[in-house]
Structure formats: structure tokens, C-alpha cells
Amino acid sequence: MKNIRLIARLDVKGPNLVKGVQLEGLRKMGDPNLFARKYYEQGIDEIIYIDIVASLYERNNLLDIVKKATKDVFIPITVGGGIRSVDDVREALRSGADKVAVNTAAIKRPELVREISQMYGSQCMVLAIEAKKVAGGKWEAYYDNGREKTGIDVVEWAKKGSDMGAGEILLTSVDMEGSGKGYDCDLVNSVSTSVPIPVIASGGMGEISHLEKVIREGYADAVAMAHVLHYGKMTVMDIRNEVMAKGFNVRKYDNAKGYNS
Amino acid sequence: MPKVTIVDYGIGNLLSVARAFQYCEAEVEFADSPDAIIRADRLVLPGVGAFSDGMSGLDKKGLSDHIKEYSQTGRPFLGICLGMQMMLDVSYEFGKHQGLGIIPGKVVPIPSCGIEGRTHKIPFIGWNELLIPDCVTDWEGTIFSGIGLRSSVYFVHSFEAIPEYERNRLAVYDYNGQVISAAIRSGNLYGCQFHPEKSGPVGLKIIRNFINL
């Protein structure tokens, strides 16, 4: 059985970690790297930083944050927000990112997905999709943090992105984001069963049963979490132990020493 | 302070590799010239992306022959991910490409289904447990010294390394019943398919062991 990855998602604005509801109504939470470091020590499997403003200035700011994180956080780091070109990817990787998440620029010019995966390998090209439900079993891709609609069908876009070389899909439900009411399992299932690459479910995590459902029914390969961690409702240890107790495979991690011996 | 030389051939995320070695109290130097490679006390060959891009990156800088020459000195060598795959003779990633040939073997696609025949996701991205292959008795004296069996480390790859001789496999992992090389070894030459610099405290311990070889 596959190992489910537990991922902390840090939405960043300027120097601050922020958290909103449905990607709006932002609240400042402090230095993102204090959170990253804490989750790393608790045994999180990966960290995703998303620059939610994504202007040129803000992106450089985010890359400085990532550079600092790499001094004491030794797990995979994904950076998203404002990645518009192969040059932007190079800068992100040079700053210590392992992968980039691309949404807006890929929608505007899908060829970018191919260019990035050819230049740096598909393992570093994460296609970020913001999905809003339009009807039963139908979702539309959005960009600019769920503000701009595209008319593009999410499942079709995921297939196309995968064909063009994306190595993973970060799938955020705009409807469920920040709600704490659970992932959109139908959405995750529709995408995960349509593409041969891993899918990260994002948006809606509020309690352990939500993880269980999106893994079992949504076939998620990885789960991203934000406010349950940021507000300290659960620790990574709690989540890992509970997910294991439900019978899923996760990374073996000894919180006392960090490794088995 | 022990010195580690990281080969810089224009691809890959050198910063995180360097940061992990620095965290483990090594002095890090980047090398993009034949001279710096030959002089190294410990040589690290990182790499992500496609095999042919990696090899042509090395060839463009004229480094391949010098890495091969270094590999015969008996000093410690660590290939990471693509760097590990390039240690072998040949890869079948998008055509057939020659590798460095410092450990006999080949690089082929990960089977797209498990042994029960059910398809699984490629690339394999995530944490998996290190296992000891049948022909290895224990990890004492290697870079896995003190690492517990079934410790989890982070992998991301679509192609797998198959050494010609089983004795060159130091660790394996299980992907739905498929046994895949996690690490290869010949004397002081080591290759890790996983990313020790991204594998938390387990990875850092492996890096410390390498520094102390």
C-alpha cells in the first residue's frame, strides 16, 4: 500500500503566514518559518509555501523566506505563487525549493508546463489547480486565489497538465478551503482516477475523519493541511498517529530522536 | 572541519544539498573544474531531472573522466538521485545513454504496476522504508551505520537503478511488491536513490556517516 504524505501548506503574504476562509478574509499569523520549523520537528513530510499576492516584489520576499528555511528544515519544499517562466523556476530552485507549483501562468500558457518539466524534470513541476464546483461532478479551474474563472474543466485540465509533463497535482477546492468541513472527495476522486501522477488534496481539513475519507474515497496520494496546524488544533504527531491507527501507511517517524536505531 | 566537494554542473538544487552537509558540520566547496574534483577529500554528485541532461551537463564541463578518475582513488563518493543513476553504465530514459560506469548496472523505468498487476502512480514521490537486501548481512561500517531497518526516507523518481551484481545493492525499498534499489555501494562509492538532504533526521544521520567514512 502506498504511503500517504502529510503536507503543511503555508500561505504567505509579505513576511507573514496568513490564513483565510475560501482564500479570502486573511488573518496574519506570524513568521512562516517558525511554523515550518515546528512542523518539521513534529515530523511533517513536506512543506508547501504559496505566495498569495505573487507580485515580483513579494516573490523575492518569499524566496528569502525559503532560503532561510533550508538552513534547518530538511524535507521537500514546494514554492508557488508568481512562477511565470523557466527563469522563475531556476530562481526558486536556487533558493532551496525542490518543486514549484504553477497555476495562473500555466492556464495562460500551458506550454510552460512542458518547458519546466523538460528543463528541470517533471518531479519539480507541480500543477496547482484551484477548483470550484459548477454542477454535480463538474468543476471549473480558477486562478488568482479563486477570484478569476477560466471556463476550463478541472479534470480535462489535470489530464492535459499530466500529458504535458506535470509530476504532481496540487488540487485545492476553493469551496471547501478554510471551512474545516472536509475535503471535496468527489473532486479529488475525479482527478486522481483520471491521471497517472500523484494528487495532493488541499482545502477543508478540520478533523481526522476528513483525511480518512479523502484517502479512502478520493484516492488522494497526499493531503495538505493549513489551519488545523496553524491554529494548533492538532499536532503533526496526533495526525500521523491517528492516520496510522486508521490503517493507512505513513512515513515512519520517531518523534523522540527522529530516526530508528 | 571535514571537507566535502559538491559537483556543480549547472543542474539540480545544490543549495539544499550544501545546507544539509553544512548542518552536519562539513566545510562545503562547489566544484565545476576537473582540478577541484581530483583534489576532493569527499565527492558528492547530486542531480535531478533527465539522465541525458545530467550526463551532457558533466560532459560539457569536461568532468566525466575526472569523476571516473576520482572514483578509483578509494576516497568517499556519494551520488544522490540522478547522481546515483549516473554512476551506472547505461540508462534507458528517453533513449539509450551512457553513464559514468563506476558501478556496473543499468537504469530502467519503474514498472508501472505492482506485482498484483494493479497500476500505481509514477513518479514515485514520497517516503518509503529502507530494507536490507538478501545479500547484505548488516549496515555496520557503511553510510547506514546506526540507521534502523525500516527507517523512512524521501524518494522522487520515475526510473530505477539495477546494479549488474546483487552485491552492489546496499538497500532496497518495496513499491507494491516491486523491489527497487534505494542505495548502491562498491567500497567507498555510494549512491542513494532517495534524497538524504530531504529525509529529515534519518537523512542527516546518513550524511554524518558519509562525512565520517
# chains A, B, ... in the order shown; residues from 1 in each chain; ligands from 1
call {"tool": "closest_atom_pairs", "arguments": {"of": "chain A", "to": "chain B", "cutoff": "7 Å", "atoms": "only C-alpha atoms", "output": "CSV"}}
result
residue,atom,partner,partner_atom,distance
A:Met1,CA,B:Asn176,CA,6.1
A:Asn3,CA,B:Trp127,CA,6.7
A:Arg5,CA,B:Gly126,CA,6.5
A:Thr70,CA,B:Ser16,CA,6.2
A:Lys71,CA,B:Arg19,CA,5.8
A:Phe74,CA,B:Lys198,CA,4.7
A:Ile75,CA,B:Lys198,CA,4.0
A:Pro76,CA,B:Lys198,CA,5.6
A:Leu93,CA,B:Asn13,CA,5.7
A:Arg94,CA,B:Asn13,CA,6.1
A:Ser95,CA,B:Leu15,CA,6.9
A:Gly96,CA,B:Ser16,CA,5.4
A:Asp98,CA,B:Asn13,CA,6.9
A:Tyr120,CA,B:Gly49,CA,5.2
A:Gly121,CA,B:Gly49,CA,4.0
A:Gln123,CA,B:Val156,CA,6.7
A:Gly167,CA,B:Pro123,CA,6.7
A:Pro196,CA,B:Lys121,CA,5.4
A:Ile197,CA,B:Lys121,CA,5.3
A:Pro198,CA,B:Lys121,CA,6.0
A:Arg251,CA,B:Trp127,CA,5.6
A:Lys252,CA,B:Ser152,CA,5.5
A:Gly258,CA,B:Pro201,CA,5.3
A:Tyr259,CA,B:Val202,CA,5.2
A:Asn260,CA,B:Gly148,CA,4.6
A:Ser261,CA,B:Gly148,CA,4.1
call {"tool": "residues_around", "arguments": {"residues": "Ile215 (chain A)", "least_positions_apart": "5", "cutoff": "12 Å", "atoms": "only C-alpha atoms", "output": "number ranges by chain"}}
result
A: 1-6, 182-186, 188-189, 192, 199-202, 208-210, 220-224, 243, 246-250
call {"tool": "write_last_selection", "arguments": {"atoms": "C-alpha atoms", "output": "PDB file, in the first residue's frame"}}
result
ATOM      1  CA  MET A   1       0.000   0.000   0.000  1.00  0.00           C
ATOM      2  CA  LYS A   2       1.204   3.466  -0.795  1.00  0.00           C
ATOM      3  CA  ASN A   3       2.431   5.877   1.853  1.00  0.00           C
ATOM      4  CA  ILE A   4       0.224   8.908   2.308  1.00  0.00           C
ATOM      5  CA  ARG A   5       2.176  12.156   2.534  1.00  0.00           C
ATOM      6  CA  LEU A   6       1.180  14.705   5.163  1.00  0.00           C
ATOM      7  CA  GLY A 182     -13.727  18.278   4.940  1.00  0.00           C
ATOM      8  CA  TYR A 183     -12.144  17.846   1.534  1.00  0.00           C
ATOM      9  CA  ASP A 184     -14.181  17.760  -1.677  1.00  0.00           C
ATOM     10  CA  CYS A 185     -13.779  13.991  -2.051  1.00  0.00           C
ATOM     11  CA  ASP A 186     -15.666  13.772  -5.357  1.00  0.00           C
ATOM     12  CA  VAL A 188     -10.219  14.542  -5.611  1.00  0.00           C
ATOM     13  CA  ASN A 189     -11.563  11.196  -6.796  1.00  0.00           C
ATOM     14  CA  SER A 192      -6.941  11.173  -9.046  1.00  0.00           C
ATOM     15  CA  VAL A 199      -2.632  14.153  -6.458  1.00  0.00           C
ATOM     16  CA  ILE A 200      -2.357  16.301  -3.316  1.00  0.00           C
ATOM     17  CA  ALA A 201      -5.774  17.082  -1.819  1.00  0.00           C
ATOM     18  CA  SER A 202      -6.000  20.587  -0.372  1.00  0.00           C
ATOM     19  CA  ILE A 208      -9.042  13.199  11.173  1.00  0.00           C
ATOM     20  CA  SER A 209     -12.147  11.665   9.608  1.00  0.00           C
ATOM     21  CA  HIS A 210     -11.713  14.132   6.717  1.00  0.00           C
ATOM     22  CA  ALA A 220      -5.617  11.166  -2.581  1.00  0.00           C
ATOM     23  CA  ASP A 221      -1.897  10.417  -2.678  1.00  0.00           C
ATOM     24  CA  ALA A 222      -1.085  13.231  -0.288  1.00  0.00           C
ATOM     25  CA  VAL A 223      -3.022  15.622   1.933  1.00  0.00           C
ATOM     26  CA  ALA A 224      -2.294  19.301   2.513  1.00  0.00           C
ATOM     27  CA  VAL A 243      -3.930   8.156  10.392  1.00  0.00           C
ATOM     28  CA  LYS A 246      -6.972   4.031  10.799  1.00  0.00           C
ATOM     29  CA  GLY A 247      -4.801   1.560   8.924  1.00  0.00           C
ATOM     30  CA  PHE A 248      -3.049   3.835   6.433  1.00  0.00           C
ATOM     31  CA  ASN A 249       0.666   3.801   5.700  1.00  0.00           C
ATOM     32  CA  VAL A 250       2.586   6.934   6.542  1.00  0.00           C
TER      33      VAL A 250
END
call {"tool": "residues_around", "arguments": {"residues": "Ala54 (chain A)", "least_positions_apart": "5", "cutoff": "9 Å", "atoms": "only C-alpha atoms", "output": "list in words"}}
result
Lys13, Arg59, Gly80, Gly81, Gly82 and Ile83 of chain A
call {"tool": "residues_around", "arguments": {"residues": "Glu140 (chain A)", "least_positions_apart": "5", "cutoff": "9 Å", "atoms": "only C-alpha atoms", "output": "list of chain:residue names"}}
result
A:Glu130, A:Ala131, A:Lys132, A:Lys133, A:Val134, A:Lys149, A:Thr150, A:Gly151, A:Ile152, A:Asp153, A:Val154, A:Val155
call {"tool": "closest_residue", "arguments": {"among": "A:Gly43, A:Pro32, A:Gly180, A:Pro15", "to": "Ala69 (chain A)", "atoms": "only C-alpha atoms"}}
result
A:Pro32
call {"tool": "atom_distance", "arguments": {"atom1": "CA of Leu213 (chain B)", "atom2": "CA of Ala171 (chain B)"}}
result
17.7 Å
call {"tool": "residues_around", "arguments": {"residues": "Leu10 (chain A)", "least_positions_apart": "6", "cutoff": "7 Å", "atoms": "only C-alpha atoms", "output": "CSV table (one decimal) with N, CA, C and O atoms, in the first residue's frame"}}
result
chain,number,residue,atom,x,y,z
A,17,LEU,N,2.9,34.5,7.6
A,17,LEU,CA,1.9,33.4,7.3
A,17,LEU,C,0.5,34.0,7.5
A,17,LEU,O,0.3,34.7,8.4
A,32,PRO,N,6.4,32.7,8.9
A,32,PRO,CA,6.1,31.4,8.4
A,32,PRO,C,7.2,30.3,8.7
A,32,PRO,O,6.9,29.1,8.9
A,48,ILE,N,4.6,23.2,1.7
A,48,ILE,CA,4.3,24.0,0.5
A,48,ILE,C,4.2,25.4,1.0
A,48,ILE,O,3.3,25.7,1.8
A,49,TYR,N,5.0,26.3,0.3
A,49,TYR,CA,4.8,27.8,0.6
A,49,TYR,C,4.1,28.3,-0.7
A,49,TYR,O,4.5,28.1,-1.8
A,50,ILE,N,3.0,29.0,-0.4
A,50,ILE,CA,2.3,29.7,-1.5
A,50,ILE,C,2.3,31.2,-1.3
A,50,ILE,O,1.7,31.6,-0.2
A,226,ALA,N,-3.7,23.2,6.6
A,226,ALA,CA,-3.3,24.5,7.0
A,226,ALA,C,-3.8,24.9,8.3
A,226,ALA,O,-3.1,24.7,9.3
call {"tool": "residues_around", "arguments": {"residues": "region 105-109 of chain A", "least_positions_apart": "2", "cutoff": "9 Å", "atoms": "only C-alpha atoms", "output": "PyMOL selection string"}}
result
chain A and resi 82-85+102-103+111-113+127-128+141-143+150+152+157+161
call {"tool": "select_by_dssp", "arguments": {"residues": "region 41-229 of chain A", "states": "strand (DSSP E or B)", "output": "number ranges by chain"}}
result
A: 46-51, 77-80, 99-102, 125-135, 138-143, 148-153, 168-173, 199-202, 222-225
call {"tool": "atom_distance", "arguments": {"atom1": "CA of Ile80 (chain B)", "atom2": "CA of Thr142 (chain B)"}}
result
15.7 Å
call {"tool": "select_by_dssp", "arguments": {"residues": "region 23-200 of chain A", "states": "helix (DSSP H, G or I)", "output": "ChimeraX atom specification"}}
result
/A:32-42,56-69,86-94,104-108,111-120,122-124,154-163,185-192
call {"tool": "closest_residue", "arguments": {"among": "A:Asn145, A:Ser122, A:Asn33, A:Thr104", "to": "Glu177 (chain A)", "atoms": "only C-alpha atoms"}}
result
A:Asn145
call {"tool": "residues_around", "arguments": {"residues": "Gln193 (chain B)", "least_positions_apart": "6", "cutoff": "9 Å", "atoms": "only C-alpha atoms", "output": "VMD selection string"}}
result
chain B and resid 79 to 85 155 to 157 160 to 161 181 to 184
call {"tool": "decode", "arguments": {"residues": "region 81-96 of chain A", "atoms": "all heavy atoms", "output": "compact mmCIF listing (two decimals), in the first residue's frame"}}
result
# COMPACT_ATOMS: atom_id res chain seq x y z
N GLY A 81 3.13 30.47 -6.49
CA GLY A 81 2.70 31.87 -6.48
C GLY A 81 3.66 32.72 -7.29
O GLY A 81 4.80 32.90 -6.91
N GLY A 82 3.20 33.20 -8.41
CA GLY A 82 4.02 34.12 -9.21
C GLY A 82 5.10 33.46 -10.04
O GLY A 82 5.98 34.14 -10.57
N ILE A 83 5.07 32.13 -10.19
CA ILE A 83 6.03 31.47 -11.08
C ILE A 83 5.50 31.60 -12.51
O ILE A 83 4.47 31.03 -12.85
CB ILE A 83 6.19 29.98 -10.72
CG1 ILE A 83 6.62 29.79 -9.26
CG2 ILE A 83 7.13 29.28 -11.69
CD1 ILE A 83 8.07 30.05 -8.96
N ARG A 84 6.21 32.39 -13.32
CA ARG A 84 5.69 32.69 -14.66
C ARG A 84 6.57 32.18 -15.78
O ARG A 84 6.17 32.18 -16.93
CB ARG A 84 5.53 34.21 -14.82
CG ARG A 84 4.53 34.81 -13.85
CD ARG A 84 4.33 36.30 -14.12
NE ARG A 84 3.39 36.84 -13.14
CZ ARG A 84 3.75 37.38 -11.97
NH1 ARG A 84 5.02 37.44 -11.64
NH2 ARG A 84 2.84 37.84 -11.13
N SER A 85 7.79 31.79 -15.47
CA SER A 85 8.72 31.41 -16.54
C SER A 85 9.72 30.40 -16.02
O SER A 85 9.84 30.17 -14.81
CB SER A 85 9.47 32.65 -17.03
OG SER A 85 10.30 33.11 -15.97
N VAL A 86 10.46 29.82 -16.96
CA VAL A 86 11.52 28.88 -16.60
C VAL A 86 12.57 29.58 -15.73
O VAL A 86 13.13 28.98 -14.81
CB VAL A 86 12.13 28.29 -17.90
CG1 VAL A 86 13.44 27.58 -17.61
CG2 VAL A 86 11.15 27.33 -18.55
N ASP A 87 12.81 30.87 -16.00
CA ASP A 87 13.77 31.62 -15.18
C ASP A 87 13.30 31.74 -13.73
O ASP A 87 14.10 31.64 -12.80
CB ASP A 87 13.97 33.04 -15.75
CG ASP A 87 14.82 33.00 -17.02
OD1 ASP A 87 15.45 31.95 -17.27
OD2 ASP A 87 14.84 34.02 -17.73
N ASP A 88 12.00 31.94 -13.56
CA ASP A 88 11.45 32.00 -12.19
C ASP A 88 11.67 30.67 -11.47
O ASP A 88 11.94 30.64 -10.27
CB ASP A 88 9.94 32.29 -12.21
CG ASP A 88 9.63 33.71 -12.68
OD1 ASP A 88 10.54 34.56 -12.66
OD2 ASP A 88 8.46 33.96 -13.05
N VAL A 89 11.54 29.57 -12.22
CA VAL A 89 11.74 28.25 -11.61
C VAL A 89 13.19 28.11 -11.16
O VAL A 89 13.47 27.66 -10.05
CB VAL A 89 11.39 27.11 -12.61
CG1 VAL A 89 11.64 25.75 -11.97
CG2 VAL A 89 9.95 27.24 -13.07
N ARG A 90 14.10 28.55 -12.03
CA ARG A 90 15.52 28.44 -11.68
C ARG A 90 15.81 29.20 -10.37
O ARG A 90 16.49 28.70 -9.48
CB ARG A 90 16.40 28.95 -12.81
CG ARG A 90 17.88 28.66 -12.55
CD ARG A 90 18.79 29.13 -13.67
NE ARG A 90 18.62 30.54 -13.92
CZ ARG A 90 18.33 31.07 -15.11
NH1 ARG A 90 18.21 30.28 -16.16
NH2 ARG A 90 18.18 32.36 -15.25
N GLU A 91 15.25 30.40 -10.27
CA GLU A 91 15.45 31.20 -9.06
C GLU A 91 14.89 30.49 -7.83
O GLU A 91 15.52 30.48 -6.77
CB GLU A 91 14.74 32.56 -9.21
CG GLU A 91 15.57 33.60 -9.94
CD GLU A 91 16.98 33.72 -9.37
OE1 GLU A 91 17.09 34.01 -8.16
OE2 GLU A 91 17.95 33.50 -10.12
N ALA A 92 13.71 29.91 -7.98
CA ALA A 92 13.08 29.21 -6.85
C ALA A 92 13.94 28.02 -6.42
O ALA A 92 14.19 27.80 -5.23
CB ALA A 92 11.68 28.76 -7.21
N LEU A 93 14.43 27.25 -7.40
CA LEU A 93 15.24 26.07 -7.07
C LEU A 93 16.56 26.50 -6.42
O LEU A 93 17.04 25.88 -5.49
CB LEU A 93 15.51 25.22 -8.32
CG LEU A 93 14.28 24.63 -9.02
CD1 LEU A 93 14.70 23.74 -10.18
CD2 LEU A 93 13.40 23.83 -8.06
N ARG A 94 17.13 27.59 -6.94
CA ARG A 94 18.38 28.11 -6.35
C ARG A 94 18.18 28.58 -4.93
O ARG A 94 19.13 28.64 -4.15
CB ARG A 94 18.89 29.30 -7.18
CG ARG A 94 19.70 28.86 -8.35
CD ARG A 94 20.56 30.01 -8.81
NE ARG A 94 21.20 29.66 -10.05
CZ ARG A 94 21.58 30.53 -10.96
NH1 ARG A 94 21.36 31.82 -10.77
NH2 ARG A 94 22.16 30.13 -12.06
N SER A 95 16.97 28.96 -4.60
CA SER A 95 16.69 29.43 -3.24
C SER A 95 16.39 28.29 -2.29
O SER A 95 16.11 28.51 -1.12
CB SER A 95 15.51 30.40 -3.26
OG SER A 95 15.78 31.46 -4.13
N GLY A 96 16.42 27.06 -2.81
CA GLY A 96 16.24 25.91 -1.93
C GLY A 96 14.94 25.16 -2.13
O GLY A 96 14.68 24.16 -1.46
